[in-house]
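Presented below is the structure to which this report refers.
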Amino acid sequence: METTINYSEKIPNNVNLVEDRALQRALERWQPEFLNWWRDMGPDGSSNYDVYLRTAVSVERDGWAHFGHVKMPDYRWGIFLNPVDGGATIHFGEHKGQPVWQDVPGEHRANLRRIIVTQGDTEPASVEQQRHLGLTCPSQYDLRNLFQVNVEEGRHLWAMVYLLHRYFGRDGREEAEALLTRRSGDADNPRILGAFNERTPDWLAFFMFTYFTDRDGKFQLCALAESGFEPLARTTKFMLTEEAHHMFVGESGVSRVIQRTCDVMKEHKTDDPAKVRALGAIDLPTIQRYLNFHYSVTIDLFGADQSSNAATFYTAGLKGRFEETKRDDDHLLKDRSYPVLAVVDGKLVDHQAPMLNALNEVLRDDYIMDSVGGVERWNKVIEKAGIGFRLKVPHKAFHRKIGTLSGVRVSPDGRVVPEAEWNANVDQWMPTAEDRAFVASLMGRVAEPGKFAGWIAPPMIGVNRQPVNFEYVRFN
Amino acid sequence: MAATAPSAEYALQHLIDPEVCIRCNTCESTCPINAITHDSRNYVVEFSICNNCNACVPPCPTGAIDHWLQVRRETPYTVDDQYSWDALPAPLELESSASADVPDDVRRLTEIATEGQGGAASPPFSAAQPYVNLYSLAKPAIATVTGNYALAAENASADIRHIVLDFGGTAFPVLEGQTLGIIPPGTDVQGRPHHVRLYSVASPRDGERPGYNNVALTIKRVAVDHDGNPVNGVGSNYMCDLKVGDPVNVVGPYGASYLMPNHPGSSLMMICTGTGSAPMRAMTERRRRRRSLNEGGEMVLFFGARVPEELPYFGPLMKLPKDMIDINFAFSRVEGEPKRYVQDRIRERAEKVAQMLQDDHCYIYLCGLKGMEAGVIEAFRDVCRDHGLDWDALKPQLLAKSRLHIETY
């Protein structure tokens with residue numbers, strides 16, 4: 001690897017990297033490891049493609065969206081923090097009203113590091129989960145979107161690694177290295193969070209993942225954007241702008257799958273899933289089962305419904321709530337309660353828990369409200385086609401593996417059911433091996449500009465006002 | 001009156017397409033002035049707050065943000081209207097059918113150019129009826145180049161051209177102060193057709209050569225951008241390199257506001273820099289050709305450039321009779337002389353300026369770079385203060401009477 005990289009040029013940044021020699025050296029050591037990881041675990045077989053990517057070169061309004069064909073390993077992974085908001089104060093927890101911290105307070109060091117590492121670990125994880133999808137892309141447009149998501153996850157990793165290197169000394173550097181050595185789905189050295197060890201085997205799974213699971217990212221980042229540790233807040237604020245693109249890929253991707261299915265159903269006047277499949281589209285019940293899976297594993301990501309860590313993070317001013325500043329309570333929450341679910345006499349019932357301990361549940365509920373909105377927009381597509389089917393998010397107790405509800409058998413409509421009923425219906429509720437095999441059978445590479453696989457409709461508009469048949473990827 | 005967007009009556013309202021929007025909140029968090037808000041259904045833009053700064057446009061992951069609909073200024077879509085939408089409403093049917101398809105580029109450029117006066121205004125009451133938007137991007141008029149002359153001296157650092165386009169048998173009626181759009185051929189680096197470039201006509205309504213169906217344009221070859229970085233202006237280089245006989249795609253005409261008064265005794269105060277002189281030349285030439293009618297009224301010109309060699313039409317202007325036009329040059333880069341800007345000249349002529357500001361029959365035109373506008377307004381403010389007037393009170397009156405017209409870029 002080259003040893004004379006000019007980082008001030010090579011890494012677009014607004015953190016004065018060039019003036020911090022120690023930090024620069026640390027990143028110099030980490031960068032080749034990152035590139036090695038990208039070569040090994042990044043998008044399969046793509047290193048020679050020119051991809052029409054959006055690169056952020058500054059946080060200013062004009063620096064945001066530079067579009068052009070780029071070889072992915074040459075993508076300029078930069079470090080961007082939103083501008084310092086002079087005079088900002090912490091707006092929740094016991095330090096409320098005090099100036100935000102520019103450095104890590106000693107007593108919160110371990111917790112902040114843990115928060116940053118957990119967030120940072122999801123970034124390379126999803127790249128690993130998605131690394132083979134390029135081989136089965138339904139169009140150049142989608143391939144480009146996949147790669148855009150991948151490079152931005154890479155940038156988010158850079159963002160977290162910057163914080164680790166800059167503020168956490170040797171511990172931080174070790175954590176930064178570990179971020180490159182864990183592997184999604186690896187039995188011995190897995191990624192930290194469950195959903196990030198699941199497979200993303202096909203494009204429907206990818207779209208569901210970017211819709212549901214990247215939305216978890218949005219909510220976590222929003223909560224961290226409230227942090228009293230200002231560098232973290234400023235970093236995550238900028239990351240959110242990129243995260244939005246990932247959710248767009250998911251929402252529009254699923255929507256286009258549904259559109260295509262509805263078109264096929266209308267054209268052939270059928271609502272028989274078997275016929276729809278025979279016609280090469282994904283039947284709506286299968287889409288519902290994928291939704292059930294991705295939704296349920298994602299809401300687990302918010303953690304246990306009652307958590308003393310969550311209370312500590314909040315009270316210490318490390319992690320706020322979604323839209324903390326828009327809420328008109330005391331931002332201390334000491335005497336408040338919040339309903340969480342429990343199973344009592346074989347039934348799900350709400351009981352009041354101290355809100356501070358229930359903050360994971362608060363964030364989960366905010367997430368649920370947000371994700372339901374997109375599902376309703378998918379339903380509009382079905383409604384417009386005059387088809388009676390409606391997609392629905394399952395009950396939040398369905399298929400949970402974390403917290404009080406872990407392992408409780410709950411149907412999608414929210415009934416606690418006996419094991420026998422669960423077993424009798426699970427094939428209706430969760431994607432089966434056969435469902436996955438069918439979806440996998442549709443996955444064939446379509447890579448000619450303007451052409452789309454038969455199971456997905458073209459998008460309404462292209463990227464950056466480009467036509468849909470633009471050459472988004474040059475394969476060389 | 002032919003309604004053209006934007007105008008006193010119509011405005012462009014920035015809206016978000018709810019069918020494409022994914023409610024990611026990026027626009028709301030990007031907006032520097034909190035013009036964007038949301039409910040559980042939709043993200044919406046508050047018309048009275050949004051200043052079309054476009055900060056929200058590049059970060060939007062979907063393109064949903066990039067919509068502007070023409071509305072009546074009095075009745076824009078409210079936030080509640082927008083909350084209820086499943087899709088964008090159909091564009092408003094305007095009284096003038098011709099203006100319905102003013103290209104987005106043109107609308108936005110016009111909004112930006114007329115920002116200083118709060119959007120496009122009404123024309124002077126005695127302005128002639130303009131034709132607008134006769135030729136669209138889909139159906140441009142084709143003109144032929146019949147002249148391309150250097151206006152700046154050979155030793156000048158800027159290349160400024162006087163370009164004459166002839167429309168032959170194609171009707172392309174323009175008034176002084178109107179603009180037309182040129183579409184450079186080919187595509188940009190991203191493979192998209194080039195944006196429309198807007199240029200003010202520099203010739204009067206009866207043609208560069210009286211009785212001919214032609215127009216003149218004043219075009220400076222763009223070699224640096226607003227920040228002084230070297231660029232190769234696509235539109236201006238295309239235009240400046242045109243040869244006699246070349247065909248050019250032209251759209252428009254545009255503009256129903258920046259027009260000259262026609263009533264006898266009406267006066268003009270014209271303030272411009274560089275190629276901002278184009279509309280001033282058109283108006284001056286109109287008045288010159290009608291001089292024998294003795295219609296009265298004065299013309300005062302404040303004209304700024306770096307050096308005399310770069311001042312378009314310097315020679316012809318110097319030949320105009322002194323009793324026809326009162327010319328005040330300001331040069332900012334003449335060696336051995338202090339820098340002088342148009343606002344300095346305005347202050348020097350405070351007496352005359354104050355008198356004209358108070359003359360209900362005097363119409364004021366500004367055209368040039370954005371940077372000039374603030375300086376000129378400051379000078380007006382000073383002149384007013386020294387003459388017992390209050391600029392902040394006067395300006396709305398000027399606008400209400402359509403006496404102040406600003407086009408800056």
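Scheme for the structure tokens: letters A, B, ... for chains in order shown; per-chain residue numbers from 1; ligand numbers from 1 in order shown.
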| request: Please identify all polymer residues within 10 Å of stretch 189-199 of chain B, counting only C-alpha atoms, omitting same-chain residues fewer than 2 positions from it, and present them as number ranges by chain. | output: A: 52, 67-69, 464-467, 470-471; B: 103-106, 109-110, 137, 177-187, 201-202, 216-219, 234-236, 250-254, 275-276, 278-279
Sort by chain and increasing residue number a table of all residues of chain A within 9 Å of chain B, each with its closest pair of atoms and their distance in Å to one decimal, counting only C-alpha atoms, and write it as CSV.
```
residue,atom,partner,partner_atom,distance
A:Glu60,CA,B:Ala55,CA,8.9
A:Arg61,CA,B:Ala55,CA,5.5
A:Asp62,CA,B:Pro58,CA,7.5
A:Gly63,CA,B:Pro58,CA,8.9
A:Trp64,CA,B:Pro59,CA,6.3
A:Ala65,CA,B:Pro58,CA,5.7
A:His66,CA,B:Pro58,CA,9.0
A:Phe67,CA,B:Gln190,CA,8.4
A:Gly68,CA,B:Gln190,CA,7.5
A:Lys218,CA,B:Cys24,CA,8.7
A:Lys237,CA,B:Ser29,CA,8.8
A:Leu240,CA,B:Thr26,CA,7.4
A:Thr241,CA,B:Thr26,CA,5.7
A:Glu242,CA,B:Pro61,CA,8.0
A:Glu243,CA,B:Cys24,CA,8.7
A:Ala244,CA,B:Cys24,CA,5.5
A:His245,CA,B:Pro61,CA,4.8
A:His246,CA,B:Pro61,CA,8.4
A:Met247,CA,B:Ile22,CA,7.6
A:Phe248,CA,B:Ile22,CA,6.2
A:Val249,CA,B:Pro61,CA,8.8
A:Glu251,CA,B:Ile22,CA,7.1
A:Ser252,CA,B:Val20,CA,8.3
A:Met369,CA,B:Ser40,CA,8.4
A:Asp370,CA,B:Ser40,CA,8.0
A:Gly373,CA,B:Arg41,CA,7.1
A:Gly374,CA,B:Ile22,CA,7.1
A:Arg377,CA,B:Glu19,CA,8.2
A:Met460,CA,B:Val20,CA,8.1
A:Ile461,CA,B:Gly63,CA,8.0
A:Gly462,CA,B:Gly63,CA,8.9
A:Val463,CA,B:Thr62,CA,7.9
A:Asn464,CA,B:Gly63,CA,7.4
A:Arg465,CA,B:Gly63,CA,7.7
A:Gln466,CA,B:Arg192,CA,7.1
A:Pro467,CA,B:Arg192,CA,8.6
A:Phe470,CA,B:Gly191,CA,8.6
```
Counting only C-alpha atoms, what is within 12 Å of A:Leu391, bar same-chain residues fewer than 3 positions away, as a short mmCIF file (atom, residue, chain, number, x, y, z; two decimals) with N, CA and C atoms, in the first residue's frame?
```cif
data_model
loop_
_atom_site.label_atom_id
_atom_site.label_comp_id
_atom_site.auth_asym_id
_atom_site.auth_seq_id
_atom_site.Cartn_x
_atom_site.Cartn_y
_atom_site.Cartn_z
N VAL A 254 -39.77 -1.45 -3.17
CA VAL A 254 -40.93 -2.29 -2.84
C VAL A 254 -42.14 -1.81 -3.63
N SER A 255 -42.29 -0.51 -3.70
CA SER A 255 -43.42 0.06 -4.42
C SER A 255 -43.42 -0.39 -5.89
N ILE A 258 -44.49 -4.01 -6.15
CA ILE A 258 -45.95 -4.09 -6.01
C ILE A 258 -46.63 -3.62 -7.29
N ASP A 283 -46.12 -12.54 -5.90
CA ASP A 283 -47.49 -12.41 -5.40
C ASP A 283 -47.54 -11.59 -4.11
N LEU A 284 -48.65 -10.90 -3.91
CA LEU A 284 -48.76 -10.00 -2.76
C LEU A 284 -48.62 -10.71 -1.41
N PRO A 285 -49.17 -11.93 -1.22
CA PRO A 285 -48.95 -12.59 0.08
C PRO A 285 -47.46 -12.84 0.38
N THR A 286 -46.68 -13.12 -0.65
CA THR A 286 -45.24 -13.30 -0.40
C THR A 286 -44.61 -11.98 0.04
N ILE A 287 -45.04 -10.91 -0.61
CA ILE A 287 -44.53 -9.59 -0.21
C ILE A 287 -44.89 -9.31 1.25
N GLN A 288 -46.12 -9.67 1.62
CA GLN A 288 -46.55 -9.48 3.02
C GLN A 288 -45.66 -10.29 3.98
N ARG A 289 -45.32 -11.52 3.59
CA ARG A 289 -44.49 -12.34 4.48
C ARG A 289 -43.08 -11.76 4.61
N TYR A 290 -42.53 -11.28 3.51
CA TYR A 290 -41.22 -10.61 3.59
C TYR A 290 -41.31 -9.41 4.52
N LEU A 291 -42.40 -8.66 4.36
CA LEU A 291 -42.60 -7.48 5.21
C LEU A 291 -42.62 -7.90 6.68
N ASN A 292 -43.38 -8.95 6.99
CA ASN A 292 -43.48 -9.42 8.38
C ASN A 292 -42.09 -9.74 8.95
N VAL A 372 -45.12 2.77 9.18
CA VAL A 372 -46.49 2.48 8.73
C VAL A 372 -46.87 3.42 7.57
N GLY A 373 -46.36 4.63 7.62
CA GLY A 373 -46.68 5.61 6.57
C GLY A 373 -46.34 5.09 5.19
N GLY A 374 -45.15 4.52 5.04
CA GLY A 374 -44.73 4.03 3.74
C GLY A 374 -45.56 2.83 3.30
N VAL A 375 -45.93 1.99 4.27
CA VAL A 375 -46.75 0.82 3.93
C VAL A 375 -48.09 1.31 3.39
N GLU A 376 -48.62 2.36 3.98
CA GLU A 376 -49.86 2.93 3.45
C GLU A 376 -49.68 3.44 2.03
N ARG A 377 -48.51 3.98 1.74
CA ARG A 377 -48.28 4.46 0.37
C ARG A 377 -48.17 3.28 -0.59
N TRP A 378 -47.63 2.16 -0.13
CA TRP A 378 -47.63 0.96 -0.98
C TRP A 378 -49.07 0.53 -1.24
N ASN A 379 -49.89 0.62 -0.20
CA ASN A 379 -51.29 0.22 -0.37
C ASN A 379 -52.01 1.09 -1.40
N LYS A 380 -51.57 2.33 -1.50
CA LYS A 380 -52.18 3.21 -2.51
C LYS A 380 -51.97 2.65 -3.90
N VAL A 381 -50.78 2.07 -4.13
CA VAL A 381 -50.49 1.50 -5.44
C VAL A 381 -51.47 0.35 -5.73
N ILE A 382 -51.71 -0.46 -4.71
CA ILE A 382 -52.63 -1.60 -4.88
C ILE A 382 -54.06 -1.09 -5.07
N GLU A 383 -54.40 -0.08 -4.27
CA GLU A 383 -55.73 0.50 -4.34
C GLU A 383 -55.98 1.09 -5.73
N ILE A 387 -57.31 -3.40 -6.67
CA ILE A 387 -57.18 -4.74 -6.09
C ILE A 387 -57.47 -4.65 -4.60
N GLY A 388 -58.18 -5.65 -4.08
CA GLY A 388 -58.68 -5.59 -2.71
C GLY A 388 -57.67 -5.88 -1.62
N PRO A 394 -47.16 -6.21 10.93
CA PRO A 394 -47.68 -7.09 11.96
C PRO A 394 -47.66 -6.39 13.33
N PRO A 412 -49.68 -12.23 13.72
CA PRO A 412 -49.52 -10.88 13.17
C PRO A 412 -50.62 -9.93 13.64
#
```
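Excluding B:Val376 itself and same-chain residues fewer than 6 positions from it, the residues having an atom within 8 Å of it are Val342, Gln343 and Ile346 of chain B, counting only C-alpha atoms.
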Include C-alpha atoms and write out the residues we just selected as a JSON list (two decimals), in the first residue's frame.
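Just written: selection-v5.json:
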```
[["chain", "number", "residue", "atom", "x", "y", "z"],
["B", 342, "VAL", "CA", -22.55, 53.40, -10.19],
["B", 343, "GLN", "CA", -23.64, 54.06, -6.62],
["B", 346, "ILE", "CA", -25.78, 58.23, -8.02]]
```
Exercise. Near stretch 205-211 of chain B, counting only C-alpha atoms, which residues have an atom at most 9 Å away, once you skip same-chain residues fewer than 3 positions from it, shown as number ranges by chain?
Worked result: B: 164, 173-176, 202, 214-216, 282, 286
* To do: Find the residues around stretch 76-85 of chain B up to 8 Å (only C-alpha atoms counted), leave out those fewer than 2 positions away in its own chain, and share them as a PyMOL selection string.
  => chain B and resi 13+18+38-39+41-47+71-74+87-89
Mind dumping the selected residues with C-alpha atoms as a CSV table (one decimal), in the first residue's frame?
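File result00.csv, as written:
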```
chain,number,residue,atom,x,y,z
B,13,GLN,CA,-45.1,28.1,-5.3
B,18,PRO,CA,-46.4,13.6,-2.2
B,38,HIS,CA,-44.9,18.0,8.1
B,39,ASP,CA,-47.8,16.1,9.6
B,41,ARG,CA,-49.0,12.3,6.0
B,42,ASN,CA,-47.1,14.9,4.0
B,43,TYR,CA,-44.1,17.2,3.9
B,44,VAL,CA,-45.2,20.7,2.9
B,45,VAL,CA,-43.7,24.1,2.1
B,46,GLU,CA,-45.1,27.3,3.7
B,47,PHE,CA,-45.5,29.7,0.8
B,71,VAL,CA,-50.4,30.0,-8.3
B,72,ARG,CA,-52.2,33.2,-7.7
B,73,ARG,CA,-50.2,35.3,-5.2
B,74,GLU,CA,-53.3,35.9,-3.3
B,87,ALA,CA,-50.8,13.8,-5.5
B,88,LEU,CA,-49.8,17.3,-6.7
B,89,PRO,CA,-52.8,19.3,-8.1
```
Strand (DSSP E) call set, DSSP backbone run, stretch 52-169 of chain B, as a ChimeraX atom specification: /B:67-72,141-150,160-166
Let me see the file: selected residues, N, CA and C atoms, as a CSV table (one decimal), in the first residue's frame.
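Final output, saved to result05.csv:
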```csv
chain,number,residue,atom,x,y,z
B,67,HIS,N,-40.4,20.7,-7.3
B,67,HIS,CA,-41.6,21.1,-8.1
B,67,HIS,C,-42.0,22.5,-7.8
B,68,TRP,N,-42.4,23.2,-8.8
B,68,TRP,CA,-42.8,24.6,-8.7
B,68,TRP,C,-44.1,24.7,-9.5
B,69,LEU,N,-45.2,25.1,-8.8
B,69,LEU,CA,-46.4,25.3,-9.5
B,69,LEU,C,-46.9,26.7,-9.5
B,70,GLN,N,-47.4,27.2,-10.6
B,70,GLN,CA,-47.9,28.5,-10.7
B,70,GLN,C,-49.2,28.7,-9.9
B,71,VAL,N,-49.2,29.7,-9.1
B,71,VAL,CA,-50.4,30.0,-8.3
B,71,VAL,C,-50.7,31.5,-8.3
B,72,ARG,N,-51.9,31.8,-7.9
B,72,ARG,CA,-52.2,33.2,-7.7
B,72,ARG,C,-51.6,33.7,-6.4
B,141,ALA,N,-38.3,28.9,-32.1
B,141,ALA,CA,-38.2,29.6,-33.3
B,141,ALA,C,-36.7,29.4,-33.8
B,142,ILE,N,-36.6,29.4,-35.1
B,142,ILE,CA,-35.2,29.3,-35.6
B,142,ILE,C,-34.8,30.6,-36.2
B,143,ALA,N,-33.8,31.2,-35.7
B,143,ALA,CA,-33.3,32.5,-36.2
B,143,ALA,C,-31.9,32.3,-36.9
B,144,THR,N,-31.6,33.2,-37.7
B,144,THR,CA,-30.3,33.1,-38.4
B,144,THR,C,-29.4,34.3,-38.0
B,145,VAL,N,-28.1,34.0,-37.7
B,145,VAL,CA,-27.2,35.0,-37.3
B,145,VAL,C,-26.9,35.9,-38.5
B,146,THR,N,-27.1,37.2,-38.4
B,146,THR,CA,-26.8,38.1,-39.5
B,146,THR,C,-25.7,39.1,-39.1
B,147,GLY,N,-25.2,39.0,-37.8
B,147,GLY,CA,-24.1,39.9,-37.4
B,147,GLY,C,-23.6,39.4,-36.1
B,148,ASN,N,-22.3,39.5,-35.9
B,148,ASN,CA,-21.6,39.2,-34.6
B,148,ASN,C,-20.4,40.1,-34.5
B,149,TYR,N,-20.5,41.2,-33.7
B,149,TYR,CA,-19.5,42.2,-33.7
B,149,TYR,C,-18.9,42.3,-32.3
B,150,ALA,N,-17.6,42.6,-32.2
B,150,ALA,CA,-17.0,42.8,-30.9
B,150,ALA,C,-17.3,44.2,-30.5
B,160,ILE,N,-17.0,41.0,-25.4
B,160,ILE,CA,-18.4,41.3,-25.4
B,160,ILE,C,-18.8,41.5,-26.8
B,161,ARG,N,-19.9,40.8,-27.2
B,161,ARG,CA,-20.3,40.8,-28.6
B,161,ARG,C,-21.7,41.4,-28.7
B,162,HIS,N,-21.9,42.0,-29.9
B,162,HIS,CA,-23.2,42.5,-30.3
B,162,HIS,C,-23.7,41.5,-31.4
B,163,ILE,N,-24.7,40.7,-31.1
B,163,ILE,CA,-25.1,39.7,-32.0
B,163,ILE,C,-26.5,40.0,-32.5
B,164,VAL,N,-26.6,39.9,-33.9
B,164,VAL,CA,-27.9,40.2,-34.5
B,164,VAL,C,-28.5,38.9,-35.0
B,165,LEU,N,-29.8,38.7,-34.6
B,165,LEU,CA,-30.5,37.5,-35.1
B,165,LEU,C,-31.6,37.9,-35.9
B,166,ASP,N,-31.8,37.2,-37.1
B,166,ASP,CA,-32.9,37.6,-38.0
B,166,ASP,C,-33.9,36.4,-38.0
```
